$ cat model_11.txt   # compact mmCIF, C-alpha atoms
# COMPACT_ATOMS: atom_id res chain seq x y z
CA MET A 1 26.05 -102.59 -63.98
CA SER A 2 28.60 -103.69 -66.54
CA LEU A 3 29.47 -101.14 -69.16
CA LEU A 4 30.10 -101.85 -72.83
CA TYR A 5 32.88 -100.49 -75.02
CA LEU A 6 31.37 -99.59 -78.38
CA PRO A 7 33.32 -98.28 -81.39
CA ALA A 8 30.99 -95.88 -83.17
CA GLU A 9 30.46 -94.06 -86.46
CA PHE A 10 27.87 -91.31 -86.23
CA HIS A 11 28.27 -89.50 -89.54
CA LEU A 12 27.17 -91.74 -92.33
CA HIS A 13 25.51 -91.05 -95.67
CA THR A 14 23.40 -93.50 -97.65
CA VAL A 15 22.34 -93.44 -101.29
CA LEU A 16 19.71 -90.89 -100.25
CA SER A 17 22.51 -88.32 -100.15
CA ALA A 18 23.21 -87.32 -103.75
CA CYS A 19 26.93 -87.12 -103.05
CA ALA A 20 27.16 -90.66 -101.61
CA GLU A 21 28.40 -93.64 -103.63
CA ILE A 22 25.90 -96.24 -104.85
CA GLU A 23 27.52 -98.80 -102.49
CA MET A 24 26.05 -96.94 -99.48
CA ILE A 25 23.09 -99.27 -99.02
CA PRO A 26 22.04 -100.80 -95.68
CA PRO A 27 23.44 -104.37 -96.06
CA LEU A 28 26.85 -103.14 -97.27
CA ILE A 29 27.04 -100.44 -94.59
CA ILE A 30 26.30 -103.05 -91.93
CA ARG A 31 28.78 -105.54 -93.44
CA GLN A 32 31.49 -102.85 -93.42
CA ALA A 33 30.64 -101.98 -89.82
CA GLN A 34 31.05 -105.66 -88.87
CA ARG A 35 34.39 -105.84 -90.67
CA LEU A 36 35.66 -102.78 -88.82
CA GLY A 37 34.19 -103.82 -85.47
CA ILE A 38 31.89 -100.80 -85.38
CA GLN A 39 29.01 -101.57 -83.04
CA TRP A 40 27.11 -98.29 -83.00
CA LEU A 41 26.04 -96.28 -86.03
CA ALA A 42 24.00 -93.21 -86.82
CA VAL A 43 22.50 -92.53 -90.25
CA THR A 44 22.89 -88.86 -91.16
CA ASP A 45 21.78 -88.06 -94.69
CA HIS A 46 21.55 -84.47 -95.86
CA ASN A 47 18.32 -82.85 -94.62
CA SER A 48 16.43 -86.16 -94.66
CA ALA A 49 15.97 -89.34 -92.64
CA GLU A 50 14.13 -91.39 -95.24
CA ASN A 51 16.67 -94.23 -95.23
CA ALA A 52 17.05 -94.34 -91.44
CA ARG A 53 14.46 -97.08 -90.99
CA ALA A 54 16.17 -99.31 -93.56
CA VAL A 55 19.60 -99.03 -91.94
CA MET A 56 18.09 -99.55 -88.47
CA GLU A 57 16.41 -102.74 -89.68
CA ALA A 58 19.56 -104.04 -91.34
CA GLY A 59 21.52 -103.20 -88.19
CA ALA A 60 19.03 -104.92 -85.90
CA ARG A 61 19.43 -108.19 -87.86
CA ALA A 62 23.20 -108.04 -87.35
CA GLY A 63 23.11 -106.88 -83.74
CA ILE A 64 24.44 -103.42 -84.58
CA ALA A 65 22.67 -100.48 -82.96
CA VAL A 66 21.67 -97.68 -85.32
CA LEU A 67 20.49 -94.24 -84.22
CA PRO A 68 18.29 -92.40 -86.71
CA GLY A 69 19.64 -88.99 -87.54
CA MET A 70 20.25 -86.30 -90.10
CA GLU A 71 22.91 -83.86 -91.22
CA VAL A 72 20.96 -80.65 -91.46
CA GLN A 73 22.22 -77.54 -93.24
CA THR A 74 21.28 -74.31 -91.50
CA ARG A 75 20.67 -70.98 -93.16
CA GLU A 76 24.22 -70.02 -92.23
CA GLU A 77 25.35 -73.08 -94.26
CA VAL A 78 26.48 -74.80 -91.07
CA HIS A 79 26.19 -78.60 -91.01
CA LEU A 80 24.77 -80.06 -87.80
CA LEU A 81 24.37 -83.74 -86.92
CA CYS A 82 20.96 -84.35 -85.35
CA LEU A 83 20.62 -87.68 -83.51
CA PHE A 84 17.44 -89.23 -82.15
CA GLU A 85 16.49 -92.10 -79.88
CA ALA A 86 13.89 -93.57 -82.24
CA LEU A 87 12.52 -93.30 -85.73
CA GLU A 88 9.38 -91.42 -84.77
CA PRO A 89 11.03 -88.20 -83.53
CA ALA A 90 13.53 -88.41 -86.39
CA LEU A 91 10.67 -88.46 -88.90
CA ALA A 92 8.89 -85.66 -87.03
CA TRP A 93 12.09 -83.65 -87.36
CA GLN A 94 12.26 -84.51 -91.05
CA GLU A 95 8.79 -83.02 -91.52
CA GLN A 96 9.92 -79.78 -89.88
CA VAL A 97 13.06 -79.69 -92.01
CA TYR A 98 11.07 -80.26 -95.21
CA GLN A 99 8.88 -77.27 -94.30
CA HIS A 100 12.01 -75.14 -94.11
CA LEU A 101 13.67 -76.41 -97.30
CA PRO A 102 13.11 -74.61 -100.62
CA ASP A 103 10.74 -76.67 -102.76
CA LEU A 104 13.14 -77.27 -105.64
CA PRO A 105 13.58 -80.39 -107.77
CA ASN A 106 16.84 -82.33 -107.48
CA ARG A 107 18.96 -82.04 -110.62
CA GLU A 108 20.31 -85.57 -110.86
CA GLU A 109 22.69 -84.78 -113.71
CA THR A 110 24.38 -82.15 -111.53
CA PHE A 111 24.10 -83.46 -107.99
CA GLY A 112 23.44 -87.19 -108.38
CA SER A 113 20.48 -89.40 -107.48
CA GLN A 114 18.69 -89.47 -104.15
CA LEU A 115 17.52 -93.06 -103.61
CA VAL A 116 15.17 -94.40 -100.96
CA VAL A 117 15.87 -98.09 -100.32
CA ASP A 118 14.76 -100.89 -98.00
CA ALA A 119 16.81 -102.88 -95.50
CA GLU A 120 18.06 -105.17 -98.28
CA GLY A 121 19.16 -102.18 -100.32
CA THR A 122 16.39 -102.67 -102.87
CA PHE A 123 15.40 -99.49 -104.69
CA LEU A 124 12.02 -98.17 -103.56
CA ARG A 125 11.80 -94.69 -105.12
CA PHE A 126 13.65 -91.51 -105.93
CA GLN A 127 13.45 -88.56 -103.56
CA GLU A 128 12.69 -85.94 -106.18
CA ARG A 129 13.10 -82.77 -104.14
CA LEU A 130 16.47 -81.12 -103.69
CA LEU A 131 17.87 -82.13 -100.31
CA GLN A 132 21.39 -80.78 -100.48
CA THR A 133 20.79 -77.10 -99.83
CA SER A 134 20.26 -74.76 -96.88
CA THR A 135 17.15 -74.82 -94.77
CA SER A 136 15.83 -71.47 -93.56
CA LEU A 137 16.55 -72.50 -89.95
CA SER A 138 19.30 -70.91 -87.90
CA VAL A 139 21.79 -72.90 -85.84
CA GLU A 140 19.95 -71.89 -82.67
CA GLN A 141 16.56 -72.85 -84.10
CA VAL A 142 17.81 -76.30 -85.09
CA VAL A 143 19.24 -76.94 -81.62
CA THR A 144 16.05 -75.82 -79.91
CA MET A 145 13.76 -77.81 -82.19
CA VAL A 146 15.83 -81.01 -82.05
CA GLU A 147 16.06 -80.78 -78.26
CA ALA A 148 12.28 -80.37 -78.11
CA LEU A 149 12.00 -83.73 -79.91
CA GLY A 150 14.37 -85.34 -77.40
CA GLY A 151 17.30 -85.38 -79.82
CA LEU A 152 20.76 -83.88 -79.61
CA VAL A 153 22.88 -81.79 -81.95
CA ILE A 154 26.58 -82.15 -82.69
CA PRO A 155 28.17 -79.61 -85.07
CA ALA A 156 29.75 -81.54 -87.95
CA HIS A 157 33.37 -81.41 -89.16
CA VAL A 158 34.14 -78.06 -87.51
CA ASP A 159 37.72 -78.08 -88.83
CA ARG A 160 36.54 -78.02 -92.44
CA PRO A 161 36.87 -74.71 -94.34
CA ALA A 162 33.16 -74.63 -95.24
CA PHE A 163 29.82 -75.96 -93.98
CA SER A 164 31.27 -75.80 -90.50
CA LEU A 165 30.23 -73.96 -87.36
CA LEU A 166 33.73 -72.54 -86.85
CA ALA A 167 34.36 -71.61 -90.50
CA ASN A 168 30.97 -70.07 -91.12
CA LEU A 169 30.22 -68.43 -87.78
CA GLY A 170 33.77 -67.96 -86.51
CA ILE A 171 32.86 -68.45 -82.88
CA ILE A 172 30.72 -71.10 -81.18
CA PRO A 173 27.65 -69.02 -80.27
CA PRO A 174 27.60 -68.59 -76.47
CA GLY A 175 25.06 -70.75 -74.67
CA LEU A 176 24.51 -73.08 -77.62
CA ASN A 177 23.33 -76.42 -76.23
CA ILE A 178 25.73 -78.88 -77.88
CA PRO A 179 27.10 -81.87 -75.95
CA ALA A 180 30.02 -82.42 -78.33
CA VAL A 181 31.72 -81.21 -81.48
CA GLU A 182 32.79 -83.38 -84.43
CA ILE A 183 36.24 -83.11 -85.98
CA THR A 184 37.38 -84.86 -89.15
CA PRO A 185 39.85 -87.78 -89.07
CA ARG A 186 42.38 -85.44 -90.73
CA LEU A 187 43.50 -84.18 -87.35
CA THR A 188 43.81 -85.51 -83.81
CA PRO A 189 41.92 -83.93 -80.92
CA ALA A 190 45.23 -82.42 -79.74
CA GLN A 191 45.82 -80.86 -83.16
CA ALA A 192 42.24 -79.60 -83.22
CA LEU A 193 42.71 -77.88 -79.86
CA GLU A 194 45.92 -76.29 -81.06
CA ARG A 195 44.28 -74.97 -84.23
CA PHE A 196 41.01 -73.98 -82.57
CA PRO A 197 41.70 -72.95 -78.96
CA GLN A 198 37.99 -72.25 -78.45
CA LEU A 199 37.39 -76.03 -78.52
CA ALA A 200 39.06 -76.30 -75.09
CA GLY A 201 36.71 -77.95 -72.63
CA ARG A 202 34.47 -79.36 -75.39
CA THR A 203 33.91 -83.06 -75.90
CA LEU A 204 35.28 -84.03 -79.30
CA ILE A 205 34.27 -86.96 -81.48
CA THR A 206 35.63 -88.10 -84.84
CA ASN A 207 33.60 -89.57 -87.67
CA GLY A 208 34.44 -90.49 -91.22
CA ASP A 209 31.58 -88.46 -92.76
CA ALA A 210 31.37 -91.59 -94.91
CA HIS A 211 30.12 -91.13 -98.46
CA ARG A 212 31.68 -94.48 -99.39
CA LEU A 213 32.35 -97.64 -97.39
CA SER A 214 36.08 -97.02 -97.19
CA GLU A 215 35.44 -93.76 -95.31
CA MET A 216 33.78 -95.47 -92.35
CA ARG A 217 36.18 -95.24 -89.41
CA GLY A 218 34.81 -96.27 -86.04
CA ARG A 219 37.46 -94.17 -84.32
CA THR A 220 35.20 -92.87 -81.58
CA LEU A 221 34.91 -95.31 -78.70
CA PHE A 222 32.09 -95.10 -76.17
CA ARG A 223 31.78 -96.68 -72.74
CA VAL A 224 28.05 -96.92 -72.09
CA ALA A 225 25.51 -99.27 -70.51
CA ALA A 226 23.60 -99.57 -73.79
CA PRO A 227 23.62 -97.91 -77.22
CA THR A 228 20.84 -95.42 -76.47
CA LEU A 229 20.62 -91.67 -76.85
CA ALA A 230 20.35 -91.22 -73.07
CA GLU A 231 23.57 -93.18 -72.62
CA LEU A 232 25.19 -91.18 -75.42
CA ARG A 233 24.37 -87.98 -73.54
CA ARG A 234 25.97 -89.38 -70.39
CA ALA A 235 29.09 -90.46 -72.26
CA LEU A 236 29.48 -87.08 -73.98
CA ALA A 237 29.05 -85.39 -70.60
CA GLY A 238 31.48 -87.88 -69.02
CA VAL A 239 29.19 -88.72 -66.11
CA ASP A 240 28.20 -91.91 -64.25
CA GLY A 241 31.30 -93.72 -65.48
CA ARG A 242 30.28 -93.24 -69.11
CA LYS A 243 33.02 -91.92 -71.33
CA VAL A 244 34.11 -91.23 -74.89
CA TRP A 245 37.54 -91.45 -76.49
CA VAL A 246 38.84 -90.66 -79.96
CA THR A 247 41.21 -93.50 -80.85
CA MET B 1 34.58 -42.08 -96.86
CA LYS B 2 33.29 -41.50 -93.35
CA ILE B 3 31.08 -44.08 -91.69
CA ARG B 4 28.22 -41.59 -91.36
CA GLU B 5 28.11 -41.28 -95.16
CA ILE B 6 26.90 -44.90 -95.38
CA THR B 7 23.62 -43.71 -93.91
CA GLY B 8 23.18 -41.34 -96.83
CA LEU B 9 23.61 -43.99 -99.54
CA PRO B 10 20.43 -44.98 -101.39
CA ASP B 11 18.73 -48.29 -100.53
CA ILE B 12 20.50 -48.55 -97.16
CA THR B 13 18.65 -48.62 -93.86
CA THR B 14 20.48 -47.79 -90.67
CA LEU B 15 19.65 -50.34 -87.98
CA VAL B 16 22.16 -49.12 -85.42
CA PRO B 17 23.84 -45.75 -86.10
CA PRO B 18 27.60 -45.36 -85.73
CA GLN B 19 28.90 -44.11 -82.36
CA THR B 20 31.72 -42.22 -84.04
CA PRO B 21 30.07 -40.90 -87.22
CA ASP B 22 33.14 -39.02 -88.40
CA GLN B 23 35.37 -42.09 -88.32
CA GLU B 24 37.08 -42.62 -91.67
CA ILE B 25 36.45 -46.11 -93.15
CA SER B 26 39.89 -47.72 -93.37
CA GLY B 27 38.95 -50.31 -96.01
CA GLY B 28 36.29 -52.71 -97.18
CA TYR B 29 35.92 -56.46 -96.83
CA ALA B 30 33.21 -58.81 -98.08
CA SER B 31 32.73 -62.44 -97.01
CA ASP B 32 30.05 -64.67 -95.55
CA LEU B 33 32.53 -66.95 -93.78
CA LEU B 34 33.03 -65.36 -90.38
CA SER B 35 36.27 -67.25 -89.85
CA CYS B 36 37.71 -65.50 -92.93
CA VAL B 37 36.54 -62.14 -91.63
CA MET B 38 38.24 -62.83 -88.29
CA ALA B 39 41.44 -63.72 -90.09
CA ARG B 40 41.55 -60.82 -92.55
CA ALA B 41 39.40 -57.81 -91.73
CA GLY B 42 40.78 -55.11 -89.45
CA ALA B 43 39.94 -52.10 -87.32
CA GLY B 44 37.96 -49.41 -89.07
CA ASN B 45 36.90 -51.66 -91.98
CA ILE B 46 33.39 -51.80 -93.35
CA TRP B 47 32.21 -55.43 -93.74
CA VAL B 48 29.62 -56.49 -96.28
CA THR B 49 27.85 -59.83 -95.71
CA LEU B 50 24.51 -61.53 -96.11
CA GLN B 51 24.84 -63.39 -92.82
CA THR B 52 22.51 -62.12 -90.09
CA HIS B 53 23.56 -64.32 -87.19
CA PRO B 54 24.37 -62.54 -83.87
CA ASN B 55 27.95 -63.74 -84.31
CA VAL B 56 28.28 -61.12 -87.05
CA VAL B 57 28.14 -58.48 -84.33
CA ALA B 58 30.49 -60.44 -82.10
CA VAL B 59 33.09 -60.58 -84.87
CA ALA B 60 32.62 -56.89 -85.79
CA SER B 61 33.05 -55.92 -82.16
CA LEU B 62 36.08 -58.17 -81.70
CA LEU B 63 37.82 -56.59 -84.70
CA ASP B 64 36.66 -53.04 -83.93
CA LEU B 65 35.17 -52.69 -87.41
CA ALA B 66 33.64 -49.38 -88.47
CA GLY B 67 30.39 -51.12 -89.32
CA VAL B 68 28.55 -53.96 -91.06
CA ILE B 69 26.21 -53.84 -94.05
CA ILE B 70 23.81 -56.79 -94.26
CA THR B 71 22.89 -57.41 -97.92
CA GLU B 72 19.97 -59.14 -99.68
CA CYS B 73 17.79 -58.16 -96.79
CA ALA B 74 14.49 -57.03 -98.28
CA ASP B 75 12.69 -57.52 -95.00
CA ILE B 76 14.47 -56.14 -91.97
CA ALA B 77 12.04 -58.01 -89.74
CA LYS B 78 13.77 -61.21 -90.86
CA ILE B 79 17.00 -60.21 -89.14
CA ASP B 80 17.34 -61.97 -85.80
CA ALA B 81 16.27 -59.48 -83.12
CA ALA B 82 19.22 -60.69 -81.04
CA THR B 83 21.59 -59.46 -83.75
CA ILE B 84 20.25 -55.90 -83.67
CA GLU B 85 20.08 -55.88 -79.88
CA LYS B 86 23.66 -57.10 -79.64
CA ALA B 87 24.78 -54.39 -82.09
CA ARG B 88 23.14 -51.77 -79.86
CA THR B 89 24.78 -53.04 -76.69
CA GLU B 90 28.19 -53.49 -78.33
CA ASN B 91 28.00 -50.20 -80.25
CA VAL B 92 28.46 -51.79 -83.65
CA ALA B 93 27.12 -49.71 -86.54
CA LEU B 94 24.70 -51.92 -88.46
CA PHE B 95 23.09 -51.31 -91.84
CA ALA B 96 20.81 -53.36 -94.08
CA THR B 97 20.00 -53.27 -97.79
CA PRO B 98 17.91 -55.30 -100.22
CA LEU B 99 20.77 -55.02 -102.74
CA THR B 100 23.38 -57.72 -103.32
CA THR B 101 26.87 -57.76 -101.90
CA PHE B 102 28.29 -57.16 -105.40
CA THR B 103 26.26 -53.99 -105.90
CA ILE B 104 27.06 -52.59 -102.47
CA VAL B 105 30.77 -53.31 -102.80
CA ALA B 106 30.79 -51.60 -106.21
CA ARG B 107 29.10 -48.53 -104.73
CA LEU B 108 31.55 -48.40 -101.83
CA ALA B 109 34.46 -48.71 -104.24
CA ARG B 110 33.11 -45.86 -106.37
CA ALA B 111 32.82 -43.80 -103.19
CA GLY B 112 36.54 -44.35 -102.64
CA VAL B 113 36.64 -47.17 -100.08
CA PRO B 114 39.70 -49.35 -100.85
CA GLY B 115 39.81 -53.13 -100.46
CA ILE B 116 41.90 -54.40 -97.57
CA ASP B 117 44.43 -55.72 -100.09
CA GLU B 118 44.89 -52.52 -102.06
CA GLY B 119 46.32 -49.13 -101.23

$ encode --input "model_11.txt" --output "structure tokens"
Amino acid sequence: MSLLYLPAEFHLHTVLSACAEIEMIPPLIIRQAQRLGIQWLAVTDHNSAENARAVMEAGARAGIAVLPGMEVQTREEVHLLCLFEALEPALAWQEQVYQHLPDLPNREETFGSQLVVDAEGTFLRFQERLLQTSTSLSVEQVVTMVEALGGLVIPAHVDRPAFSLLANLGIIPPGLNIPAVEITPRLTPAQALERFPQLAGRTLITNGDAHRLSEMRGRTLFRVAAPTLAELRRALAGVDGRKVWVT
Amino acid sequence: MKIREITGLPDITTLVPPQTPDQEISGGYASDLLSCVMARAGAGNIWVTLQTHPNVVAVASLLDLAGVIITECADIAKIDAATIEKARTENVALFATPLTTFTIVARLARAGVPGIDEG
């Protein structure tokens, strides 16, 4: 079987995330991915997956694979990327997350708007509830629940001083089922290992955590048979000839 | 202030009693970022936090803290059972209170516990 080399960006916010720029709509995200040669994306809005379908549709038209996902905030204020094979489990996960989010209205004047759009980027509706806050779920609960839906969890930007597994919990909890750890583009994997010796032996990936188009990076390169979650697992585990590099 | 005196403070529940009750508390530290605690707190300190993750015990044990007070905890049943179990096995004194971190720190200060950055 011939393997593909796919530059990827797995931490991407759309206009559903209040902190994202208004340019973060499906057609512009896909156009930017094409410009940068990114061939594999994941949509990871804060505590919601309501724009995943739109980006997946826009990606499908351009031949760019898009995994539905979410950046969930645990009760410890740790940010975790949750990636799924298909929309259905991602939306099932969203339902569970919504049940564990405080039922508060979004304050647009403070946080910004949360927009649900279609594949063309056309406005459909506002998401009125506050998304950008902690769920009542622990890190361990999120990992267990996402795994039960066939998804996988990658702790986000662990080198950041807040909202990070290492900053907030100090130590990666023993036995936590995570196939990889995300670092920011601000440091190389070698620098990350030097600063955080406990990352030794972990698979590292880098994403732009893009809130605007210019923050998309595509610096993580995968060698996989196809852009599927099963193949992603193999690449993160480094088995069957599948592999991942931070470039 | 000795660690056993924490038990006598109002509104504080002892989840795991101290192994060395007569140990003098060397200072106080309050933060909910465990990485900051690891970087700054030291042996014999009392740590005040609202985090309840089992890693709280791991960090307290690593640093040989005198104990940990978990704040804003009106319902002790909401603390992860693994956290309390780990505190028992690692001999980390663990307390809980419905009061806020601010209030607890103020009470500790009035009882004579210094901050880690003061004499």

$ atom_distance --input "model_11.txt" --atom1 "CA of Ile12 (chain B)" --atom2 "CA of Phe95 (chain B)"
6.5 Å

$ residues_around --input "model_11.txt" --residues "region 115-123 of chain A" --least-positions-apart "5" --cutoff "10 Å" --atoms "only C-alpha atoms" --output "JSON, numbers by chain"
{"A": [14, 15, 16, 17, 18, 22, 23, 24, 25, 26, 27, 28, 29, 49, 50, 51, 52, 53, 54, 55, 56, 57, 58, 59, 61, 128]}

$ residues_near_point --input "model_11.txt" --point "(6.9, -84.9, -83.7)" --cutoff "12 Å" --atoms "only C-alpha atoms" --output "PyMOL selection string"
chain A and resi 84+86-97+145-151

$ closest_residue --input "model_11.txt" --among "A:Leu204, A:Leu166, A:Ala190, A:Ala62" --to "chain B" --atoms "all atoms listed in the file"
A:Leu166

$ closest_atom_pairs --input "model_11.txt" --of "chain A" --to "chain B" --cutoff "6 Å" --atoms "all atoms listed in the file" --output "Markdown table"
| residue | atom | partner | partner_atom | distance |
| --- | --- | --- | --- | --- |
| A:Ala167 | CA | B:Ser35 | CA | 4.8 |
| A:Asn168 | CA | B:Leu33 | CA | 4.4 |
| A:Leu169 | CA | B:Leu34 | CA | 4.9 |
| A:Gly170 | CA | B:Ser35 | CA | 4.2 |

$ write_last_selection --input "model_11.txt" --atoms "C-alpha atoms" --output "CSV table (one decimal), in the frame of the given file"
chain,number,residue,atom,x,y,z
A,167,ALA,CA,34.4,-71.6,-90.5
A,168,ASN,CA,31.0,-70.1,-91.1
A,169,LEU,CA,30.2,-68.4,-87.8
A,170,GLY,CA,33.8,-68.0,-86.5

$ residues_around --input "model_11.txt" --residues "region 226-229 of chain A" --least-positions-apart "3" --cutoff "12 Å" --atoms "only C-alpha atoms" --output "PyMOL selection string"
chain A and resi 1-8+10+38-42+63-69+82-86+147+150-153+179+221-223+232-236+242

$ closest_residue --input "model_11.txt" --among "B:Cys73, B:Ile84, B:Val48, B:Leu62" --to "Thr101 (chain B)" --atoms "all atoms listed in the file"
B:Val48

$ atom_distance --input "model_11.txt" --atom1 "CA of Gln73 (chain A)" --atom2 "CA of Val43 (chain A)"
15.3 Å

$ atom_distance --input "model_11.txt" --atom1 "CA of Val72 (chain A)" --atom2 "CA of Leu165 (chain A)"
12.1 Å

$ closest_residue --input "model_11.txt" --among "B:Val105, B:Val68, B:Val113, B:Ala74" --to "Pro17 (chain B)" --atoms "all atoms listed in the file"
B:Val68

$ residues_around --input "model_11.txt" --residues "Trp47 (chain B)" --least-positions-apart "3" --cutoff "9 Å" --atoms "only C-alpha atoms" --output "list in words"
Gly27, Gly28, Tyr29, Ala30, Ser31, Val37, Ala41, Ala60, Leu65, Ala66, Gly67, Val68, Ile69 and Ile70 of chain B

$ closest_residue --input "model_11.txt" --among "A:Phe126, A:Arg217, A:Ile178, A:Gln198" --to "Ala237 (chain A)" --atoms "only C-alpha atoms"
A:Ile178

$ residues_around --input "model_11.txt" --residues "Pro114 (chain B)" --least-positions-apart "3" --cutoff "10 Å" --atoms "only C-alpha atoms" --output "list in words"
Met1, Ile25, Ser26, Gly27, Gly28, Tyr29, Asn45, Val105, Leu108, Ala109, Arg110, Ala111, Asp117, Glu118 and Gly119 of chain B

$ write_last_selection --input "model_11.txt" --atoms "C-alpha atoms" --output "JSON list (two decimals), in the frame of the given file"
[["chain", "number", "residue", "atom", "x", "y", "z"],
["B", 1, "MET", "CA", 34.58, -42.08, -96.86],
["B", 25, "ILE", "CA", 36.45, -46.11, -93.15],
["B", 26, "SER", "CA", 39.89, -47.72, -93.37],
["B", 27, "GLY", "CA", 38.95, -50.31, -96.01],
["B", 28, "GLY", "CA", 36.29, -52.71, -97.18],
["B", 29, "TYR", "CA", 35.92, -56.46, -96.83],
["B", 45, "ASN", "CA", 36.90, -51.66, -91.98],
["B", 105, "VAL", "CA", 30.77, -53.31, -102.80],
["B", 108, "LEU", "CA", 31.55, -48.40, -101.83],
["B", 109, "ALA", "CA", 34.46, -48.71, -104.24],
["B", 110, "ARG", "CA", 33.11, -45.86, -106.37],
["B", 111, "ALA", "CA", 32.82, -43.80, -103.19],
["B", 117, "ASP", "CA", 44.43, -55.72, -100.09],
["B", 118, "GLU", "CA", 44.89, -52.52, -102.06],
["B", 119, "GLY", "CA", 46.32, -49.13, -101.23]]

$ residues_around --input "model_11.txt" --residues "Glu182 (chain A)" --least-positions-apart "5" --cutoff "8 Å" --atoms "all atoms listed in the file" --output "short mmCIF file (atom, residue, chain, number, x, y, z; two decimals) with C-alpha atoms, in the frame of the given file"
data_model
loop_
_atom_site.label_atom_id
_atom_site.label_comp_id
_atom_site.auth_asym_id
_atom_site.auth_seq_id
_atom_site.Cartn_x
_atom_site.Cartn_y
_atom_site.Cartn_z
CA ILE A 154 26.58 -82.15 -82.69
CA PRO A 155 28.17 -79.61 -85.07
CA ALA A 156 29.75 -81.54 -87.95
CA HIS A 157 33.37 -81.41 -89.16
CA VAL A 158 34.14 -78.06 -87.51
CA LEU A 204 35.28 -84.03 -79.30
CA ILE A 205 34.27 -86.96 -81.48
CA THR A 206 35.63 -88.10 -84.84
CA ASN A 207 33.60 -89.57 -87.67
#

$ axis_aligned_box --input "model_11.txt" --around "region 57-76 of chain B" --padding-each-side "3 Å" --output "JSON"
{"center_x": 25.3, "center_y": -55.0, "center_z": -90.7, "size_x": 31.1, "size_y": 17.2, "size_z": 24.0}

$ residues_near_point --input "model_11.txt" --point "(17.9, -84.5, -109.5)" --cutoff "9 Å" --atoms "only C-alpha atoms" --output "PyMOL selection string"
chain A and resi 18+105-114+126-130

$ closest_residue --input "model_11.txt" --among "B:Thr14, B:Thr71, B:Ser61, B:Thr7" --to "Val92 (chain B)" --atoms "only C-alpha atoms"
B:Ser61

$ closest_residue --input "model_11.txt" --among "B:Pro21, B:Thr97, B:Ala87, B:Ala82" --to "Glu140 (chain A)" --atoms "all atoms listed in the file"
B:Ala82
